[in-house]
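S.K.: Pasting in a structure now, in structure tokens, and then I'll have a few things to ask.
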Amino acid sequence: MPAPSLRHQLLAEVVPRLRRSAEVVDAEHERTTVLARKAARRPGLPTVATPGFARRFAVVTEEVDGASGPFPAWSITPRGVDPVRTILYCHGGGYVYPVDPFHVRYAARLGAATRSRVVLPGYPTAPEHTWRESRAGLLELAGRLLTGSLPVALVGDSAGGGLALALAQTLRDSARDTGAATPDRLLLHAPWVDLTMSSPDTERIAADDPWLFPGKAHVWARWWGGEGEDLARPELSPLFGDLDGLPPTLAFCGSRDMVSAGCRQLADRATTADWDLAYVERPGLIHVFGLLPGLPEARTALRMATEHLR
């Protein structure tokens, strides 16, 4: 494998600083910080600072009913294109932060590359909400998309990658009982598949990760799970769920990414399951490198993702 590009080395230093990454002080301080940052964000789909975005993509907003009330889902479609598939994209952010321009830009690139309509749900996040308050709404949204005429892929990054995999497991279980349609592909970027972070490699890898911090991840995981919840349950940590019969999946991760400990366990479990998983781990790369703008490594990942989704 080639060494990380110079641009990656630069972004590995810059991105964590821009996103103000740091280890947690304590849970209450972290809660105050998270809520303040979220309050400063404008509601709705984040503004995308790409010239001509509105000319290139059509955006439609609909409401999805969740246990805590309706939440938005934005449909992003390349203009002048008859979509050949639908992508349900679960955004990352540690189950704490909402969708941001980082996710919107990647969703647009992926939609254009694959001639797809991308549906991006703004599901409720912690600490105000837990997983239970969005799960039924997300499953209903997926079921509605699956009744359409186009094939559906589930895509997710980071926490959204874990969420996409957990949804795929539930949709597969439902299909076994009802014969309903299921997604035909999964695409996962550095999925957070183990909220327990029980792998003995987690702390070792975290020591070389400039972006993610285990103490903070433990706090965020507990918020998302809710008081007294078992974080090992498959709805939260799909690593521990049934992997048989899942759709063909392409997953990316970097070796300087704390979540790679869980991803490696997932890849190991896949070898004894009835599941076609192609796991690509790039040495020296950081969290969700496939989404980072301008990286040669991200362009390679996009080409592989495009071929996978075709």
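If you're wondering about the labels, chains in the structure tokens are A, B, ... by order shown, residues count from 1 in each chain, ligands from 1 in order shown.
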With DSSP run on the backbone, what are the helix (DSSP H, G or I) residues within region 182-228 of chain A? I'd like them as a VMD selection string.

M.R.: chain A and resid 202 to 206 214 to 225

S.K.: Per DSSP on the backbone, filter region 129-268 of chain A down to the residues in strand (DSSP E) and report them as JSON, numbers by chain.

M.R.: {"A": [152, 153, 154, 155, 156, 157, 185, 186, 187, 188, 189, 249, 250, 251, 252, 253, 254]}

S.K.: Got a sec: who's within 8 Å of region 210-227 of chain A, counting only C-alpha atoms, leaving out chain neighbours fewer than 2 positions off, as a PyMOL selection string?

M.R.: chain A and resi 12-13+15-16+21-24+27+94-96+125-127+129-131+195-197+202-203+206+208+229-231+236+256-258+286-287

S.K.: For region 151-165 of chain A, list every protein, DNA or RNA residue within 6 Å, evaluated using only C-alpha atoms, and leave out those in the same chain fewer than 4 positions away; present the list as a ChimeraX atom specification.

M.R.: /A:85-92,94-95,183-193

S.K.: Separation of CA of Thr249 (chain A) and CA of Ala181 (chain A), in Å?

M.R.: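 Distance between the two atoms: 16.8 Å.
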
S.K.: Which residue, A:Arg79, A:Lys38, A:Gly148, A:Ala58, has the smallest gap to Pro124 (chain A) when you use only C-alpha atoms?

M.R.: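 Of A:Arg79, A:Lys38, A:Gly148, A:Ala58, the one nearest Pro124 (chain A) is A:Lys38, counting only C-alpha atoms.
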